[in-house]
Amino acid sequence: LCKALKEDPELRTIPFILLSTLSEPQDIIRGLHCGADNYVTKPYEASFLISRLESLLTTPVGVSDDAEPLEVTLAGEHYTVNSSSQQVLNLLVSTFENAVEKNNELIKTNQELTLAKEQLTIWNEKLEKLNGELER
């Protein structure tokens with residue numbers, strides 16, 4: 001769908017965000033290959049998707065018929081990407097922002113787990129104390 005939209009001269013300036021569960025670098029290269037302007041991996045926070053949409057709607061989509069093919073080697077595989085430099089930049093920035101968002105989610109989850117562990121330790125100490133009192 002993305003590739004068909006980007007190949008149509010009348011529709012190619014419509015911003016296209018790929019929402020995907022795929023998050024390997026090769027998947028992002030495939031997104032570039034089909035002309036995607038942004039790439040967001042699932043699951044995602046609604047606020048993050050809204051910020052991506054706002055960014056795309058306020059920044060014109062760069063489409064160039066004379067884009068030089070870009071040769072990319074990733075994990076030993078060679079790819080040829082025919083995207084404008086603006087599309088490449090947009091996709092790289094969105095991928096970076098996506099990685100930062102995922103990292104922030106991991107930090108938050110780690111903090112929640114640390115707090116839960118501390119609470120479990122407190123409850124365990126209380127239970128051990130009560131068990132000791134019951135054994136007397």
# chains A, B, ... in the order shown; residues from 1 in each chain; ligands from 1

call {"tool": "residues_around", "arguments": {"residues": "Val88 in chain A", "least_positions_apart": "3", "cutoff": "10 Å", "atoms": "only C-alpha atoms", "output": "number ranges by chain"}}
result
A: 29, 31-33, 35-38, 62, 70, 81-85, 91-94

call {"tool": "residues_around", "arguments": {"residues": "Leu22 in chain A", "least_positions_apart": "4", "cutoff": "12 Å", "atoms": "only C-alpha atoms", "output": "PyMOL selection string"}}
result
chain A and resi 18+26-31+39-43+95

call {"tool": "write_last_selection", "arguments": {"atoms": "N, CA and C atoms", "output": "JSON list (two decimals), in the first residue's frame"}}
result
[["chain", "number", "residue", "atom", "x", "y", "z"],
["A", 18, "LEU", "N", 4.33, 3.86, 8.96],
["A", 18, "LEU", "CA", 4.19, 2.42, 9.11],
["A", 18, "LEU", "C", 4.07, 2.11, 10.60],
["A", 26, "GLN", "N", 16.48, -4.41, 9.35],
["A", 26, "GLN", "CA", 16.08, -4.77, 7.99],
["A", 26, "GLN", "C", 14.64, -4.35, 7.71],
["A", 27, "ASP", "N", 13.79, -4.41, 8.73],
["A", 27, "ASP", "CA", 12.40, -3.99, 8.55],
["A", 27, "ASP", "C", 12.31, -2.50, 8.27],
["A", 28, "ILE", "N", 13.17, -1.74, 8.93],
["A", 28, "ILE", "CA", 13.19, -0.29, 8.73],
["A", 28, "ILE", "C", 13.70, 0.04, 7.33],
["A", 29, "ILE", "N", 14.70, -0.73, 6.87],
["A", 29, "ILE", "CA", 15.19, -0.55, 5.49],
["A", 29, "ILE", "C", 14.07, -0.84, 4.50],
["A", 30, "ARG", "N", 13.28, -1.88, 4.77],
["A", 30, "ARG", "CA", 12.14, -2.19, 3.89],
["A", 30, "ARG", "C", 11.14, -1.04, 3.90],
["A", 31, "GLY", "N", 10.97, -0.41, 5.07],
["A", 31, "GLY", "CA", 10.09, 0.75, 5.16],
["A", 31, "GLY", "C", 10.59, 1.89, 4.29],
["A", 39, "TYR", "N", 8.20, 5.45, 10.92],
["A", 39, "TYR", "CA", 8.10, 4.04, 11.27],
["A", 39, "TYR", "C", 7.93, 3.96, 12.78],
["A", 40, "VAL", "N", 6.81, 3.42, 13.23],
["A", 40, "VAL", "CA", 6.51, 3.31, 14.67],
["A", 40, "VAL", "C", 6.23, 1.84, 14.96],
["A", 41, "THR", "N", 6.91, 1.31, 15.98],
["A", 41, "THR", "CA", 6.68, -0.09, 16.32],
["A", 41, "THR", "C", 5.62, -0.21, 17.40],
["A", 42, "LYS", "N", 4.86, -1.30, 17.30],
["A", 42, "LYS", "CA", 3.83, -1.61, 18.29],
["A", 42, "LYS", "C", 4.47, -2.40, 19.41],
["A", 43, "PRO", "N", 4.01, -2.31, 20.61],
["A", 43, "PRO", "CA", 2.98, -1.38, 21.08],
["A", 43, "PRO", "C", 3.57, 0.02, 21.21],
["A", 95, "THR", "N", 12.75, 6.58, 13.82],
["A", 95, "THR", "CA", 13.27, 5.33, 14.39],
["A", 95, "THR", "C", 14.03, 5.62, 15.68]]

call {"tool": "atom_distance", "arguments": {"atom1": "CA of Thr21 in chain A", "atom2": "CA of Leu49 in chain A"}}
result
14.2 Å

call {"tool": "closest_residue", "arguments": {"among": "A:Gln87, A:Asn131, A:Asn103, A:Ser55", "to": "Thr13 in chain A", "atoms": "only C-alpha atoms"}}
result
A:Gln87

call {"tool": "atom_distance", "arguments": {"atom1": "CA of Tyr44 in chain A", "atom2": "CA of Ile107 in chain A"}}
result
15.1 Å

call {"tool": "select_by_dssp", "arguments": {"residues": "chain A", "states": "alpha helix (DSSP H)", "output": "number ranges by chain"}}
result
A: 2-7, 25-34, 46-58, 85-135

call {"tool": "closest_residue", "arguments": {"among": "A:Leu130, A:Leu19, A:Ala116, A:Cys34", "to": "Glu7 in chain A", "atoms": "only C-alpha atoms"}}
result
A:Cys34

call {"tool": "atom_distance", "arguments": {"atom1": "CA of Leu115 in chain A", "atom2": "CA of Glu133 in chain A"}}
result
27.4 Å

call {"tool": "select_by_dssp", "arguments": {"residues": "range 11-127 of chain A", "states": "strand (DSSP E)", "output": "number ranges by chain"}}
result
A: 17-20, 38-41, 70-74, 77-81

call {"tool": "write_last_selection", "arguments": {"atoms": "N, CA and C atoms", "output": "PDB file, in the first residue's frame"}}
result
ATOM      1  N   ILE A  17       2.870   6.693   7.645  1.00  0.00           N
ATOM      2  CA  ILE A  17       3.520   6.128   8.828  1.00  0.00           C
ATOM      3  C   ILE A  17       3.271   4.630   8.828  1.00  0.00           C
ATOM      4  N   LEU A  18       4.330   3.862   8.957  1.00  0.00           N
ATOM      5  CA  LEU A  18       4.187   2.417   9.110  1.00  0.00           C
ATOM      6  C   LEU A  18       4.068   2.105  10.595  1.00  0.00           C
ATOM      7  N   LEU A  19       2.982   1.445  10.977  1.00  0.00           N
ATOM      8  CA  LEU A  19       2.800   0.957  12.344  1.00  0.00           C
ATOM      9  C   LEU A  19       3.019  -0.540  12.277  1.00  0.00           C
ATOM     10  N   SER A  20       4.036  -1.035  12.965  1.00  0.00           N
ATOM     11  CA  SER A  20       4.417  -2.428  12.778  1.00  0.00           C
ATOM     12  C   SER A  20       4.914  -3.059  14.068  1.00  0.00           C
ATOM     13  N   ASN A  38       7.634   7.664   8.137  1.00  0.00           N
ATOM     14  CA  ASN A  38       7.851   7.411   9.556  1.00  0.00           C
ATOM     15  C   ASN A  38       7.619   5.940   9.824  1.00  0.00           C
ATOM     16  N   TYR A  39       8.198   5.452  10.922  1.00  0.00           N
ATOM     17  CA  TYR A  39       8.102   4.043  11.272  1.00  0.00           C
ATOM     18  C   TYR A  39       7.926   3.963  12.783  1.00  0.00           C
ATOM     19  N   VAL A  40       6.805   3.422  13.235  1.00  0.00           N
ATOM     20  CA  VAL A  40       6.513   3.305  14.667  1.00  0.00           C
ATOM     21  C   VAL A  40       6.229   1.840  14.962  1.00  0.00           C
ATOM     22  N   THR A  41       6.908   1.310  15.975  1.00  0.00           N
ATOM     23  CA  THR A  41       6.683  -0.094  16.323  1.00  0.00           C
ATOM     24  C   THR A  41       5.623  -0.214  17.402  1.00  0.00           C
ATOM     25  N   LEU A  70      20.424   4.927  -2.928  1.00  0.00           N
ATOM     26  CA  LEU A  70      21.318   4.846  -1.778  1.00  0.00           C
ATOM     27  C   LEU A  70      21.619   3.381  -1.520  1.00  0.00           C
ATOM     28  N   GLU A  71      22.900   3.029  -1.543  1.00  0.00           N
ATOM     29  CA  GLU A  71      23.317   1.655  -1.278  1.00  0.00           C
ATOM     30  C   GLU A  71      23.579   1.514   0.215  1.00  0.00           C
ATOM     31  N   VAL A  72      22.933   0.533   0.827  1.00  0.00           N
ATOM     32  CA  VAL A  72      23.062   0.310   2.264  1.00  0.00           C
ATOM     33  C   VAL A  72      23.440  -1.147   2.491  1.00  0.00           C
ATOM     34  N   THR A  73      24.430  -1.375   3.356  1.00  0.00           N
ATOM     35  CA  THR A  73      24.789  -2.732   3.753  1.00  0.00           C
ATOM     36  C   THR A  73      24.465  -2.874   5.222  1.00  0.00           C
ATOM     37  N   LEU A  74      23.670  -3.889   5.532  1.00  0.00           N
ATOM     38  CA  LEU A  74      23.233  -4.106   6.904  1.00  0.00           C
ATOM     39  C   LEU A  74      23.242  -5.598   7.179  1.00  0.00           C
ATOM     40  N   GLU A  77      23.968  -7.860   4.283  1.00  0.00           N
ATOM     41  CA  GLU A  77      23.076  -7.828   3.123  1.00  0.00           C
ATOM     42  C   GLU A  77      23.083  -6.430   2.515  1.00  0.00           C
ATOM     43  N   HIS A  78      23.005  -6.385   1.183  1.00  0.00           N
ATOM     44  CA  HIS A  78      23.024  -5.113   0.467  1.00  0.00           C
ATOM     45  C   HIS A  78      21.608  -4.722   0.066  1.00  0.00           C
ATOM     46  N   TYR A  79      21.296  -3.446   0.260  1.00  0.00           N
ATOM     47  CA  TYR A  79      19.981  -2.912  -0.082  1.00  0.00           C
ATOM     48  C   TYR A  79      20.175  -1.664  -0.934  1.00  0.00           C
ATOM     49  N   THR A  80      19.269  -1.455  -1.870  1.00  0.00           N
ATOM     50  CA  THR A  80      19.234  -0.221  -2.646  1.00  0.00           C
ATOM     51  C   THR A  80      17.938   0.488  -2.299  1.00  0.00           C
ATOM     52  N   VAL A  81      18.068   1.715  -1.827  1.00  0.00           N
ATOM     53  CA  VAL A  81      16.903   2.485  -1.395  1.00  0.00           C
ATOM     54  C   VAL A  81      16.765   3.705  -2.296  1.00  0.00           C
TER      55      VAL A  81
END

call {"tool": "closest_residue", "arguments": {"among": "A:Ser47, A:Lys3, A:Ala99, A:Gln111", "to": "Glu24 in chain A", "atoms": "only C-alpha atoms"}}
result
A:Ala99
